[in-house]
>>> print(open('target23.csv').read())   # CSV, C-alpha atoms and all ligand atoms
chain,number,residue,atom,x,y,z
G,534,MET,CA,33.4,11.6,-31.4
G,535,THR,CA,30.8,8.9,-32.1
G,536,SER,CA,29.3,6.6,-29.4
G,537,THR,CA,30.1,3.0,-29.8
G,538,SER,CA,28.5,2.1,-26.5
G,539,ALA,CA,26.3,-1.0,-26.7
G,540,THR,CA,23.3,0.9,-25.7
G,541,PRO,CA,22.7,3.8,-28.1
G,542,ILE,CA,21.8,7.3,-26.9
G,543,GLU,CA,18.2,8.1,-27.3
G,544,ILE,CA,16.3,11.3,-26.5
G,545,LEU,CA,12.9,10.6,-25.1
G,546,PRO,CA,10.3,13.4,-25.7
G,547,SER,CA,8.2,13.7,-22.5
G,548,ILE,CA,4.5,14.2,-23.3
G,549,LEU,CA,4.1,16.1,-20.0
G,550,SER,CA,5.1,19.2,-21.9
G,551,ALA,CA,3.0,18.6,-25.0
G,552,ASP,CA,-0.4,20.1,-25.7
G,553,PHE,CA,-2.7,17.3,-24.6
G,554,THR,CA,-5.5,18.5,-26.9
G,555,ARG,CA,-3.3,17.6,-29.9
G,556,LEU,CA,-1.1,14.9,-28.4
G,557,GLY,CA,-1.3,12.4,-31.3
G,558,SER,CA,0.0,14.9,-33.8
G,559,ALA,CA,2.6,16.2,-31.4
G,560,ILE,CA,4.0,12.7,-31.0
G,561,GLU,CA,3.9,12.1,-34.8
G,562,GLU,CA,6.0,15.2,-35.2
G,563,VAL,CA,8.8,13.9,-33.0
G,564,VAL,CA,8.6,10.4,-34.3
G,565,ALA,CA,9.1,11.8,-37.8
G,566,ALA,CA,12.2,13.5,-36.5
G,567,GLY,CA,13.6,10.2,-35.3
G,568,ALA,CA,12.2,9.6,-31.8
G,569,ARG,CA,11.8,6.0,-30.9
G,570,VAL,CA,10.9,6.2,-27.2
G,571,ILE,CA,8.1,8.3,-25.8
G,572,HIS,CA,8.2,9.1,-22.1
G,573,CYS,CA,4.8,9.1,-20.3
G,574,ASP,CA,4.8,10.8,-16.8
G,575,VAL,CA,2.1,9.4,-14.5
G,576,MET,CA,1.5,11.5,-11.4
G,577,ASP,CA,-1.0,10.7,-8.7
G,578,GLY,CA,-1.3,13.9,-6.6
G,579,GLN,CA,0.2,12.0,-3.7
G,580,PHE,CA,3.8,11.0,-4.4
G,581,VAL,CA,4.0,14.4,-6.2
G,582,PRO,CA,1.3,17.1,-6.1
G,583,PRO,CA,0.2,17.2,-9.7
G,584,ILE,CA,-2.1,14.6,-11.3
G,585,THR,CA,-1.6,13.7,-15.0
G,586,PHE,CA,-3.1,10.5,-16.5
G,587,GLY,CA,-3.2,6.7,-16.0
G,588,ALA,CA,-3.1,3.4,-17.9
G,589,GLN,CA,-5.9,4.4,-20.3
G,590,MET,CA,-3.7,7.0,-21.9
G,591,VAL,CA,-1.0,4.4,-22.4
G,592,ALA,CA,-3.6,2.0,-24.0
G,593,ASN,CA,-4.8,4.8,-26.3
G,594,LEU,CA,-1.2,5.6,-27.4
G,595,ARG,CA,-0.5,1.9,-28.0
G,596,ASP,CA,-3.6,1.6,-30.1
G,597,ARG,CA,-2.7,4.7,-32.1
G,598,PHE,CA,1.0,4.0,-32.6
G,599,GLY,CA,1.2,0.2,-32.5
G,600,ASP,CA,4.7,-1.2,-32.2
G,601,THR,CA,6.3,1.8,-33.9
G,602,VAL,CA,7.2,3.4,-30.5
G,603,ASP,CA,8.5,2.3,-27.2
G,604,LEU,CA,6.1,3.6,-24.5
G,605,ASP,CA,8.3,4.4,-21.5
G,606,VAL,CA,6.1,4.9,-18.4
G,607,HIS,CA,7.5,6.9,-15.5
G,608,LEU,CA,5.3,6.4,-12.5
G,609,MET,CA,5.4,9.1,-9.9
G,610,ILE,CA,2.9,7.4,-7.7
G,611,ASP,CA,2.7,5.9,-4.3
G,612,ALA,CA,2.4,2.1,-4.1
G,613,PRO,CA,3.3,1.4,-7.7
G,614,GLU,CA,2.8,-2.4,-7.0
G,615,ARG,CA,-0.9,-1.8,-7.3
G,616,GLN,CA,-0.6,-0.6,-10.9
G,617,VAL,CA,1.7,-3.2,-12.5
G,618,SER,CA,-1.0,-5.3,-14.1
G,619,ASP,CA,-3.0,-2.3,-15.5
G,620,PHE,CA,0.1,-0.8,-17.2
G,621,VAL,CA,1.2,-4.2,-18.5
G,622,LYS,CA,-2.2,-4.7,-20.0
G,623,ALA,CA,-2.2,-1.2,-21.4
G,624,GLY,CA,0.9,-2.0,-23.4
G,625,ALA,CA,3.6,-0.2,-21.6
G,626,SER,CA,7.1,-1.1,-22.9
G,627,GLY,CA,8.8,0.0,-19.7
G,628,PHE,CA,7.5,0.6,-16.2
G,629,THR,CA,9.7,2.8,-14.0
G,630,PHE,CA,8.8,3.4,-10.5
G,631,HIS,CA,10.4,5.3,-7.6
G,632,ALA,CA,12.5,3.6,-4.8
G,633,GLU,CA,10.9,6.2,-2.5
G,634,ALA,CA,7.4,5.1,-3.2
G,635,THR,CA,7.5,1.4,-2.2
G,636,PRO,CA,9.2,-1.1,0.0
G,637,HIS,CA,8.6,-3.7,-2.7
G,638,ALA,CA,11.1,-2.7,-5.5
G,639,HIS,CA,12.5,-6.2,-5.9
G,640,ARG,CA,9.1,-7.9,-6.0
G,641,ILE,CA,7.9,-5.4,-8.7
G,642,LEU,CA,11.0,-5.9,-10.8
G,643,GLN,CA,10.4,-9.7,-10.6
G,644,GLN,CA,6.8,-9.3,-11.7
G,645,LEU,CA,7.8,-7.1,-14.6
G,646,LYS,CA,10.5,-9.6,-15.7
G,647,GLU,CA,7.9,-12.4,-15.7
G,648,ALA,CA,5.6,-10.2,-17.8
G,649,GLY,CA,8.3,-9.3,-20.3
G,650,VAL,CA,8.2,-5.6,-19.6
G,651,ARG,CA,11.3,-3.5,-18.9
G,652,GLY,CA,11.5,-2.8,-15.2
G,653,GLY,CA,13.0,0.6,-14.2
G,654,LEU,CA,13.9,1.9,-10.8
G,655,ALA,CA,14.1,5.7,-10.2
G,656,VAL,CA,15.8,7.7,-7.5
G,657,CYS,CA,15.1,11.4,-6.6
G,658,PRO,CA,18.0,13.9,-6.4
G,659,GLY,CA,18.1,13.5,-2.6
G,660,THR,CA,18.0,9.7,-2.5
G,661,PRO,CA,21.2,7.6,-2.3
G,662,ILE,CA,21.7,5.1,-5.1
G,663,GLY,CA,21.7,2.1,-2.8
G,664,ALA,CA,18.3,0.8,-3.9
G,665,ILE,CA,19.6,0.6,-7.4
G,666,GLU,CA,22.7,-1.1,-6.3
G,667,GLU,CA,20.7,-3.8,-4.5
G,668,CYS,CA,18.6,-4.5,-7.6
G,669,VAL,CA,21.3,-4.6,-10.3
G,670,ASP,CA,20.5,-8.2,-11.3
G,671,ASP,CA,16.9,-7.4,-12.1
G,672,LEU,CA,17.0,-3.9,-13.6
G,673,GLY,CA,16.2,-3.1,-17.2
G,674,LEU,CA,16.7,0.6,-16.5
G,675,ALA,CA,18.0,2.8,-13.8
G,676,LEU,CA,16.6,6.4,-13.7
G,677,CYS,CA,18.6,9.2,-12.1
G,678,MET,CA,16.2,12.1,-11.6
G,679,THR,CA,18.1,15.2,-12.4
G,680,VAL,CA,15.3,17.4,-11.0
G,681,ASN,CA,12.8,16.9,-8.2
G,682,PRO,CA,9.9,15.0,-9.8
G,683,GLY,CA,6.5,16.6,-10.5
G,684,TRP,CA,7.0,19.4,-13.0
G,685,GLY,CA,8.5,20.0,-16.3
G,686,GLY,CA,10.6,23.1,-17.1
G,687,GLN,CA,13.0,23.0,-14.1
G,688,LYS,CA,16.8,23.4,-14.2
G,689,LEU,CA,19.0,20.3,-13.9
G,690,ILE,CA,20.4,20.0,-10.4
G,691,PRO,CA,24.2,20.0,-10.8
G,692,HIS,CA,25.1,17.2,-8.3
G,693,THR,CA,23.0,14.8,-10.3
G,694,ILE,CA,25.5,14.9,-13.2
G,695,ALA,CA,28.2,13.1,-11.2
G,696,LYS,CA,25.5,10.9,-9.6
G,697,THR,CA,24.5,9.7,-13.1
G,698,GLY,CA,28.1,8.5,-13.5
G,699,ARG,CA,28.0,6.6,-10.2
G,700,ILE,CA,24.8,4.9,-11.3
G,701,ALA,CA,26.3,4.1,-14.7
G,702,ALA,CA,29.2,2.5,-12.9
G,703,ALA,CA,27.0,0.5,-10.6
G,704,VAL,CA,24.6,-1.1,-13.1
G,705,LYS,CA,25.3,-4.2,-15.2
G,706,ALA,CA,26.1,-4.0,-18.9
G,707,GLY,CA,22.9,-3.8,-20.9
G,708,THR,CA,21.0,-1.9,-18.3
G,709,ILE,CA,19.8,1.4,-19.6
G,710,VAL,CA,20.9,4.5,-17.6
G,711,GLN,CA,18.2,7.2,-17.9
G,712,VAL,CA,18.2,10.8,-16.8
G,713,ASP,CA,15.1,13.0,-16.5
G,714,GLY,CA,14.7,16.7,-15.9
G,715,GLY,CA,16.3,19.8,-17.2
G,716,VAL,CA,17.8,18.1,-20.2
G,717,ASP,CA,18.4,20.5,-23.2
G,718,VAL,CA,21.1,21.0,-25.8
G,719,HIS,CA,23.5,22.4,-23.1
G,720,THR,CA,23.0,19.8,-20.4
G,721,ALA,CA,22.5,16.7,-22.6
G,722,PRO,CA,26.3,16.5,-23.3
G,723,LEU,CA,27.1,16.6,-19.6
G,724,VAL,CA,25.0,13.6,-18.6
G,725,ALA,CA,25.8,11.7,-21.8
G,726,ALA,CA,29.5,12.0,-21.0
G,727,GLN,CA,28.7,10.4,-17.6
G,728,GLY,CA,27.2,7.4,-19.3
G,729,ALA,CA,23.5,8.2,-19.6
G,730,HIS,CA,21.9,6.3,-22.5
G,731,TRP,CA,18.3,7.6,-22.5
G,732,LEU,CA,17.8,11.3,-21.9
G,733,VAL,CA,14.2,12.5,-21.2
G,734,ALA,CA,13.4,16.0,-22.6
G,735,GLY,CA,10.1,17.6,-22.2
G,736,SER,CA,10.0,21.4,-22.3
G,737,ALA,CA,13.2,21.6,-24.5
G,738,VAL,CA,11.4,19.5,-27.2
G,739,PHE,CA,7.7,20.4,-26.9
G,740,GLY,CA,8.3,23.9,-25.8
G,741,ALA,CA,10.4,24.7,-28.8
G,742,ALA,CA,9.0,26.4,-31.9
G,743,ASP,CA,10.1,23.3,-34.0
G,744,PRO,CA,9.9,20.2,-31.7
G,745,GLY,CA,11.4,18.0,-34.4
G,746,ALA,CA,14.4,20.2,-34.9
G,747,ALA,CA,14.9,20.6,-31.1
G,748,PHE,CA,14.8,16.9,-30.7
G,749,GLN,CA,17.5,16.4,-33.3
G,750,ALA,CA,19.7,19.1,-31.9
G,751,ILE,CA,19.6,17.5,-28.4
G,752,GLU,CA,20.2,14.1,-29.9
G,753,GLN,CA,23.3,15.3,-31.8
G,754,ALA,CA,24.7,17.1,-28.8
G,755,ALA,CA,24.3,14.0,-26.6
G,756,ARG,CA,25.7,11.6,-29.2
G,757,ASP,CA,28.7,13.8,-29.7
G,758,ALA,CA,29.5,13.7,-26.0
G,759,ALA,CA,28.9,10.0,-25.3
G,760,PRO,CA,32.0,8.1,-24.1
G,761,VAL,CA,33.4,5.7,-26.7
G,762,ALA,CA,33.1,2.2,-25.4
G,801,LIG,C1,9.3,15.6,-14.1
G,801,LIG,C2,9.1,14.5,-15.2
G,801,LIG,C3,9.8,14.8,-16.4
G,801,LIG,C4,9.5,16.1,-17.2
G,801,LIG,C5,10.8,16.6,-17.6
G,801,LIG,O1,8.9,15.1,-12.9
G,801,LIG,O2,9.4,13.2,-14.7
G,801,LIG,O3,9.7,13.7,-17.3
G,801,LIG,O4,8.6,15.9,-18.3
G,801,LIG,O5,10.6,17.9,-18.1
G,801,LIG,P1,11.7,18.8,-18.6
G,801,LIG,O6,12.5,18.1,-19.6
G,801,LIG,O7,11.0,20.1,-19.0
G,801,LIG,O8,12.6,19.1,-17.3
G,802,ZN,ZN,9.6,11.6,-16.2
>>> encode(input="target23.csv", output="structure tokens", more="lines below")
Ligand code: DX5
Ligand code: ZN
Amino acid sequence: MTSTSATPIEILPSILSADFTRLGSAIEEVVAAGARVIHCDVMDGQFVPPITFGAQMVANLRDRFGDTVDLDVHLMIDAPERQVSDFVKAGASGFTFHAEATPHAHRILQQLKEAGVRGGLAVCPGTPIGAIEECVDDLGLALCMTVNPGWGGQKLIPHTIAKTGRIAAAVKAGTIVQVDGGVDVHTAPLVAAQGAHWLVAGSAVFGAADPGAAFQAIEQAARDAAPVA
């Protein structure tokens, strides 16, 4: 079965699971395998315990890769409204923040729209989808976390599969439905069948002996399972 959905299925390698000492070549490898969107996990040690990197990393990636990749920034930080301008300046293609991290979701989405940057709203596994439903007119992307945010290499939480379907039904046509966490060749078809368009995969890609081949296997599994529009 081939997807004819208006928004094509993409697998987004998450650099969280890459070796940061050779990040550029790790990204080149998955881009050569067909990756078009690179997922960048920003963590502040507050919203989630780990700390990763900030806007400077995104600026460096933009300099190195130019317009050949979409840089999809997933902010696991408190008060993301304080970071909008830095990440826009750094060249983020998309800025996804958590509904749990701010009372200002609608305002941030408006700011991003004005800046011409894709605005994404994420919900953790324990958070109802109401915040997404309230913002459907302004969303470029809706992210259903399929693990609790903060760490790569976790197992997908089963109830988030049906939740992905509820989010897909709630958003407007053209809004990207994203899932993040525990996506591999076995789970990708389950979320793709629910209407997920963009599937983030960290350890299943960069933890594999051949990241390019792993990327392609997950992509094929997801595309085969996507609903025909
Ligand atoms: C987790 C991050 C994910 C992470 C996914 O909080 O948001 O993007 O890289 O890693 P895997 O695919 O290994 O579950
Ligand atoms: Zn992420």
>>> closest_atom_pairs(input="target23.csv", of="region 578-607 of chain G", to="region 728-740 of chain G", cutoff="12 Å", atoms="all atoms listed in the file", output="tab-separated table")
residue	atom	partner	partner_atom	distance
G:Asp605	CA	G:Val733	CA	10.0
G:Val606	CA	G:Val733	CA	11.5
G:His607	CA	G:Val733	CA	10.4
>>> write_last_selection(input="target23.csv", atoms="C-alpha atoms", output="mmCIF file, keeping the file's coordinate frame")
data_model
loop_
_atom_site.group_PDB
_atom_site.id
_atom_site.type_symbol
_atom_site.label_atom_id
_atom_site.label_comp_id
_atom_site.auth_asym_id
_atom_site.auth_seq_id
_atom_site.Cartn_x
_atom_site.Cartn_y
_atom_site.Cartn_z
ATOM 1 C CA ASP G 605 8.300 4.400 -21.500
ATOM 2 C CA VAL G 606 6.100 4.900 -18.400
ATOM 3 C CA HIS G 607 7.500 6.900 -15.500
#
>>> residues_around(input="target23.csv", residues="Gly663 (chain G)", least_positions_apart="3", cutoff="12 Å", atoms="only C-alpha atoms", output="list in words")
Ala632, Glu633, Ala638, Leu654, Ala655, Val656, Gly659, Thr660, Glu666, Glu667, Cys668, Val669, Ala675, Lys696, Arg699, Ile700, Ala703 and Val704 of chain G
>>> write_last_selection(input="target23.csv", atoms="C-alpha atoms", output="PDB file, keeping the file's coordinate frame")
ATOM      1  CA  ALA G 632      12.500   3.600  -4.800  1.00  0.00           C
ATOM      2  CA  GLU G 633      10.900   6.200  -2.500  1.00  0.00           C
ATOM      3  CA  ALA G 638      11.100  -2.700  -5.500  1.00  0.00           C
ATOM      4  CA  LEU G 654      13.900   1.900 -10.800  1.00  0.00           C
ATOM      5  CA  ALA G 655      14.100   5.700 -10.200  1.00  0.00           C
ATOM      6  CA  VAL G 656      15.800   7.700  -7.500  1.00  0.00           C
ATOM      7  CA  GLY G 659      18.100  13.500  -2.600  1.00  0.00           C
ATOM      8  CA  THR G 660      18.000   9.700  -2.500  1.00  0.00           C
ATOM      9  CA  GLU G 666      22.700  -1.100  -6.300  1.00  0.00           C
ATOM     10  CA  GLU G 667      20.700  -3.800  -4.500  1.00  0.00           C
ATOM     11  CA  CYS G 668      18.600  -4.500  -7.600  1.00  0.00           C
ATOM     12  CA  VAL G 669      21.300  -4.600 -10.300  1.00  0.00           C
ATOM     13  CA  ALA G 675      18.000   2.800 -13.800  1.00  0.00           C
ATOM     14  CA  LYS G 696      25.500  10.900  -9.600  1.00  0.00           C
ATOM     15  CA  ARG G 699      28.000   6.600 -10.200  1.00  0.00           C
ATOM     16  CA  ILE G 700      24.800   4.900 -11.300  1.00  0.00           C
ATOM     17  CA  ALA G 703      27.000   0.500 -10.600  1.00  0.00           C
ATOM     18  CA  VAL G 704      24.600  -1.100 -13.100  1.00  0.00           C
TER      19      VAL G 704
END
>>> closest_residue(input="target23.csv", among="G:Asp713, G:Glu561, G:Asp600, G:Asp611", to="ligand LIG 801 (chain G)", atoms="only C-alpha atoms and all ligand atoms")
G:Asp713
>>> residues_near_ligand(input="target23.csv", ligand="ligand ZN 802 (chain G)", cutoff="9 Å", atoms="all atoms listed in the file", output="JSON, numbers by chain")
{"G": [547, 549, 572, 573, 574, 575, 606, 607, 608, 609, 678, 682, 683, 684, 685, 712, 713, 714, 733, 734, 735]}
>>> closest_residue(input="target23.csv", among="G:Gln643, G:Asp619, G:Met576, G:Thr693", to="Pro661 (chain G)", atoms="all atoms listed in the file")
G:Thr693
>>> atom_distance(input="target23.csv", atom1="CA of Asp670 (chain G)", atom2="CA of Gly653 (chain G)")
11.9 Å
>>> atom_distance(input="target23.csv", atom1="CA of Ser550 (chain G)", atom2="atom O3 of ligand LIG 801 (chain G)")
8.5 Å
>>> atom_distance(input="target23.csv", atom1="CA of Ala566 (chain G)", atom2="CA of Gly745 (chain G)")
5.0 Å
>>> closest_residue(input="target23.csv", among="G:Gln589, G:Thr540, G:Thr554, G:Thr629", to="ligand LIG 801 (chain G)", atoms="all atoms listed in the file")
G:Thr629
>>> closest_residue(input="target23.csv", among="G:Gln711, G:Ser618, G:Thr697, G:Ser626", to="Gln644 (chain G)", atoms="all atoms listed in the file")
G:Ser618
>>> residues_around(input="target23.csv", residues="Ala634 (chain G)", least_positions_apart="2", cutoff="8 Å", atoms="all atoms listed in the file", output="PyMOL selection string")
chain G and resi 580+610-613+630-632+636
>>> axis_aligned_box(input="target23.csv", around="region 594-598 of chain G", padding_each_side="8 Å", output="AutoDock Vina command-line options")
--center_x -1.3 --center_y 3.6 --center_z -30.0 --size_x 20.6 --size_y 20.0 --size_z 21.2
>>> closest_residue(input="target23.csv", among="G:Pro541, G:Pro722, G:Pro546, G:Gly673", to="ligand LIG 801 (chain G)", atoms="only C-alpha atoms and all ligand atoms")
G:Pro546
>>> residues_around(input="target23.csv", residues="region 750-754 of chain G", least_positions_apart="3", cutoff="7 Å", atoms="all atoms listed in the file", output="PDB file with C-alpha atoms, in the frame of the given file")
ATOM      1  CA  GLU G 543      18.200   8.100 -27.300  1.00  0.00           C
ATOM      2  CA  ILE G 544      16.300  11.300 -26.500  1.00  0.00           C
ATOM      3  CA  ASP G 717      18.400  20.500 -23.200  1.00  0.00           C
ATOM      4  CA  VAL G 718      21.100  21.000 -25.800  1.00  0.00           C
ATOM      5  CA  ALA G 721      22.500  16.700 -22.600  1.00  0.00           C
ATOM      6  CA  PRO G 722      26.300  16.500 -23.300  1.00  0.00           C
ATOM      7  CA  ALA G 746      14.400  20.200 -34.900  1.00  0.00           C
ATOM      8  CA  ALA G 747      14.900  20.600 -31.100  1.00  0.00           C
ATOM      9  CA  ASP G 757      28.700  13.800 -29.700  1.00  0.00           C
ATOM     10  CA  ALA G 758      29.500  13.700 -26.000  1.00  0.00           C
TER      11      ALA G 758
END
>>> build_atoms(input="target23.csv", residues="region 728-739 of chain G", atoms="all heavy atoms", output="JSON list (two decimals), in the frame of the given file")
[["chain", "number", "residue", "atom", "x", "y", "z"],
["G", 728, "GLY", "N", 27.69, 8.71, -19.03],
["G", 728, "GLY", "CA", 27.20, 7.40, -19.30],
["G", 728, "GLY", "C", 25.70, 7.21, -19.39],
["G", 728, "GLY", "O", 25.20, 6.08, -19.44],
["G", 729, "ALA", "N", 24.97, 8.31, -19.41],
["G", 729, "ALA", "CA", 23.50, 8.20, -19.60],
["G", 729, "ALA", "C", 23.21, 7.78, -21.01],
["G", 729, "ALA", "O", 23.83, 8.27, -21.96],
["G", 729, "ALA", "CB", 22.85, 9.56, -19.31],
["G", 730, "HIS", "N", 22.27, 6.83, -21.16],
["G", 730, "HIS", "CA", 21.90, 6.30, -22.50],
["G", 730, "HIS", "C", 20.59, 6.99, -22.98],
["G", 730, "HIS", "O", 20.46, 7.33, -24.13],
["G", 730, "HIS", "CB", 21.65, 4.83, -22.47],
["G", 730, "HIS", "CG", 22.77, 4.03, -21.92],
["G", 730, "HIS", "ND1", 22.69, 3.30, -20.76],
["G", 730, "HIS", "CD2", 24.04, 3.85, -22.38],
["G", 730, "HIS", "CE1", 23.84, 2.69, -20.53],
["G", 730, "HIS", "NE2", 24.67, 3.01, -21.49],
["G", 731, "TRP", "N", 19.62, 7.08, -22.09],
["G", 731, "TRP", "CA", 18.30, 7.60, -22.50],
["G", 731, "TRP", "C", 18.07, 8.90, -21.71],
["G", 731, "TRP", "O", 18.05, 8.92, -20.47],
["G", 731, "TRP", "CB", 17.20, 6.58, -22.12],
["G", 731, "TRP", "CG", 17.09, 5.44, -23.10],
["G", 731, "TRP", "CD1", 17.98, 5.09, -24.07],
["G", 731, "TRP", "CD2", 16.00, 4.52, -23.21],
["G", 731, "TRP", "NE1", 17.52, 4.00, -24.76],
["G", 731, "TRP", "CE2", 16.31, 3.62, -24.26],
["G", 731, "TRP", "CE3", 14.80, 4.34, -22.51],
["G", 731, "TRP", "CZ2", 15.45, 2.58, -24.63],
["G", 731, "TRP", "CZ3", 13.95, 3.30, -22.88],
["G", 731, "TRP", "CH2", 14.27, 2.43, -23.94],
["G", 732, "LEU", "N", 17.90, 9.96, -22.46],
["G", 732, "LEU", "CA", 17.80, 11.30, -21.90],
["G", 732, "LEU", "C", 16.33, 11.79, -22.16],
["G", 732, "LEU", "O", 15.92, 11.95, -23.33],
["G", 732, "LEU", "CB", 18.75, 12.27, -22.54],
["G", 732, "LEU", "CG", 20.24, 12.18, -22.14],
["G", 732, "LEU", "CD1", 20.88, 10.85, -22.50],
["G", 732, "LEU", "CD2", 21.03, 13.31, -22.81],
["G", 733, "VAL", "N", 15.59, 12.01, -21.09],
["G", 733, "VAL", "CA", 14.20, 12.50, -21.20],
["G", 733, "VAL", "C", 14.27, 14.03, -21.43],
["G", 733, "VAL", "O", 15.00, 14.72, -20.72],
["G", 733, "VAL", "CB", 13.39, 12.18, -19.97],
["G", 733, "VAL", "CG1", 11.98, 12.79, -20.06],
["G", 733, "VAL", "CG2", 13.32, 10.68, -19.74],
["G", 734, "ALA", "N", 13.50, 14.51, -22.37],
["G", 734, "ALA", "CA", 13.40, 16.00, -22.60],
["G", 734, "ALA", "C", 12.00, 16.36, -22.87],
["G", 734, "ALA", "O", 11.41, 15.89, -23.86],
["G", 734, "ALA", "CB", 14.36, 16.38, -23.74],
["G", 735, "GLY", "N", 11.45, 17.18, -22.01],
["G", 735, "GLY", "CA", 10.10, 17.60, -22.20],
["G", 735, "GLY", "C", 9.97, 19.01, -22.75],
["G", 735, "GLY", "O", 9.73, 19.20, -23.94],
["G", 736, "SER", "N", 10.22, 20.02, -21.90],
["G", 736, "SER", "CA", 10.00, 21.40, -22.30],
["G", 736, "SER", "C", 11.02, 21.78, -23.44],
["G", 736, "SER", "O", 10.68, 22.58, -24.32],
["G", 736, "SER", "CB", 10.15, 22.37, -21.16],
["G", 736, "SER", "OG", 11.33, 22.13, -20.45],
["G", 737, "ALA", "N", 12.22, 21.21, -23.42],
["G", 737, "ALA", "CA", 13.20, 21.60, -24.50],
["G", 737, "ALA", "C", 12.78, 21.06, -25.83],
["G", 737, "ALA", "O", 13.23, 21.58, -26.85],
["G", 737, "ALA", "CB", 14.59, 21.01, -24.09],
["G", 738, "VAL", "N", 11.90, 20.05, -25.86],
["G", 738, "VAL", "CA", 11.40, 19.50, -27.20],
["G", 738, "VAL", "C", 10.04, 20.19, -27.46],
["G", 738, "VAL", "O", 9.89, 20.93, -28.44],
["G", 738, "VAL", "CB", 11.28, 18.00, -27.15],
["G", 738, "VAL", "CG1", 10.54, 17.51, -28.39],
["G", 738, "VAL", "CG2", 12.66, 17.37, -27.07],
["G", 739, "PHE", "N", 9.04, 19.92, -26.61],
["G", 739, "PHE", "CA", 7.70, 20.40, -26.90],
["G", 739, "PHE", "C", 7.46, 21.85, -26.70],
["G", 739, "PHE", "O", 6.49, 22.42, -27.19],
["G", 739, "PHE", "CB", 6.65, 19.52, -26.19],
["G", 739, "PHE", "CG", 6.55, 18.10, -26.70],
["G", 739, "PHE", "CD1", 6.90, 17.02, -25.90],
["G", 739, "PHE", "CD2", 6.14, 17.85, -28.01],
["G", 739, "PHE", "CE1", 6.82, 15.71, -26.37],
["G", 739, "PHE", "CE2", 6.05, 16.55, -28.49],
["G", 739, "PHE", "CZ", 6.39, 15.47, -27.68]]
